[in-house]
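The next block holds one structure in the form of structure tokens; read it before the comments.
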Amino acid sequence: MRLLSVAAALGLWQLLTGLRIDAWLRFSQFPTVTEVAHAFAGRVRGADYWTDLADSLTRIATGFLLAAVLGIAAGVLVARSRLAEDLLGPLLEVVRPIPAIALVPVAILLFPSDEQGIVFITCAAAFFPVLVSTRHAVRALAPAWEEAVRTMGGGRWRVLGSVVLPGALPGIFGGLSVGIGVSWICVISAEMISGEYGVGYRTWQDYTVVDYPGVFVGMVTIGVLGRLTSTAVELLGRRLTRWLPGAAHTPAARPRTRRPAAAPPASPQVPHQPEEARDEHLV
């Protein structure tokens, strides 16, 4: 079904652009699917395409990893420490609404090279989704878990490693999944503004020389790369949270309908046991 939906979208695109339909939306200005495919085949055979791909992936990997480490650490610190919340909370909440792409002038002034500035913008874009998700996930943990560890003699670091980080992992990976998507948006925008290489830089250059098939090659490349990286983050999150009750659930799988089985023979009634007896049996 997923392949059919993509094929239907491509077929509709080819039909509207091939017939040059102009009904409020001007599809006559769009390149056809075949033109984009020919341009893509030509780009793949060249060395510039792979250089741009490697540069964008390097910037994403560096900025996103920095944002993951800093965002998780800051989120846990703000959620667990009243002093850190008072010192860092107001500053973070003031900076958080600023779009990361608006930090391009700041990056140009701060960093000596464009490469470092683009990594900074990518890191800033993913930092706040990771921070907010981690903070909420840590604050939502049940206090009984921490109390149980402390009752058995565990200290602050044992609570952090045995309760806080494992319990907050689902929320943390939710923030990482959002952050990787935002990182792609900002790294492409930064490459268009101040980059020398990269998928965003090449897409903007194609637009300036009116190479519309090349523009769509860049858009498709960005979409595929974003899909692959977000899928990798989700798969890593599922692997690290296999202990969750619904971790093995697959949305694509549908349960098979089975005929109701025959009722088992009636078993003799077991007298009701008080709660103390059940607990004693479990011990």
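Residues are referred to by chain and number: the chain letter is A, B, ... according to the order shown in the structure tokens, the number counts from 1 in that chain, and ligands are numbered separately from 1 in the order shown.
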- Item | Exercise: region 2-17 of chain A partners within 12 Å, only C-alpha atoms, chain neighbours under 6 positions left out, as a PyMOL selection string | chain A and resi 23+25-37+252
- Message: If we count only C-alpha atoms and set the cut-off at 12 Å, which residues sit around region 63-69 of chain A, ignoring sequence neighbours fewer than 6 positions away in its own chain? Please answer as a PyMOL selection string.
- Response: chain A and resi 56-57+75-76+115-134+172-184+186-187+229-230+233
- Identify, on the basis of only C-alpha atoms, every residue whose closest approach to region 149-166 of chain A does not exceed 9 Å; exclude the query and any residue fewer than 3 positions from it along the same chain; express the result as a ChimeraX atom specification. /A:76,137-138,141,144-146,169-170,172,240-241
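Coordinates place CA of Trp50 (chain A) at a distance of 16.9 Å from CA of His38 (chain A).
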For Ala140 (chain A), find every residue with an atom within 10 Å (counting only C-alpha atoms), except residues of its own chain fewer than 3 positions away, and show them as a PDB file with N, CA and C atoms, in the first residue's frame.
```
ATOM      1  N   ALA A  79      15.448  19.415  34.982  1.00  0.00           N
ATOM      2  CA  ALA A  79      14.342  18.696  35.595  1.00  0.00           C
ATOM      3  C   ALA A  79      14.662  18.196  37.000  1.00  0.00           C
ATOM      4  N   THR A 134      13.179  15.782  26.951  1.00  0.00           N
ATOM      5  CA  THR A 134      13.868  15.166  28.085  1.00  0.00           C
ATOM      6  C   THR A 134      13.365  15.730  29.404  1.00  0.00           C
ATOM      7  N   ARG A 135      13.188  17.020  29.462  1.00  0.00           N
ATOM      8  CA  ARG A 135      12.712  17.647  30.705  1.00  0.00           C
ATOM      9  C   ARG A 135      11.332  17.134  31.096  1.00  0.00           C
ATOM     10  N   HIS A 136      10.421  17.072  30.148  1.00  0.00           N
ATOM     11  CA  HIS A 136       9.075  16.582  30.457  1.00  0.00           C
ATOM     12  C   HIS A 136       9.100  15.096  30.815  1.00  0.00           C
ATOM     13  N   ALA A 137       9.920  14.312  30.118  1.00  0.00           N
ATOM     14  CA  ALA A 137       9.974  12.878  30.401  1.00  0.00           C
ATOM     15  C   ALA A 137      10.522  12.606  31.798  1.00  0.00           C
ATOM     16  N   PRO A 143       7.534   8.925  41.283  1.00  0.00           N
ATOM     17  CA  PRO A 143       8.472   9.080  42.417  1.00  0.00           C
ATOM     18  C   PRO A 143       8.747   7.768  43.145  1.00  0.00           C
ATOM     19  N   GLY A 167      13.919   5.375  32.391  1.00  0.00           N
ATOM     20  CA  GLY A 167      12.509   5.747  32.382  1.00  0.00           C
ATOM     21  C   GLY A 167      12.185   6.859  31.414  1.00  0.00           C
ATOM     22  N   ALA A 168      13.141   7.751  31.160  1.00  0.00           N
ATOM     23  CA  ALA A 168      12.898   8.874  30.259  1.00  0.00           C
ATOM     24  C   ALA A 168      13.234   8.564  28.808  1.00  0.00           C
ATOM     25  N   GLY A 171      10.566   9.337  25.987  1.00  0.00           N
ATOM     26  CA  GLY A 171      10.429  10.766  25.718  1.00  0.00           C
ATOM     27  C   GLY A 171      11.654  11.358  25.066  1.00  0.00           C
TER      28      GLY A 171
END
```
- Message: Please identify the helix (DSSP H, G or I) residues within region 89-175 of chain A (assignment by DSSP from backbone atoms) and present them as a PyMOL selection string.
- Response: chain A and resi 89-95+100-110+114-139+143-151+156-175
- Would you give me, as a ChimeraX atom specification, the residues in region 12-258 of chain A that DSSP reads as strand (DSSP E or B)? /A:22-23,25-26
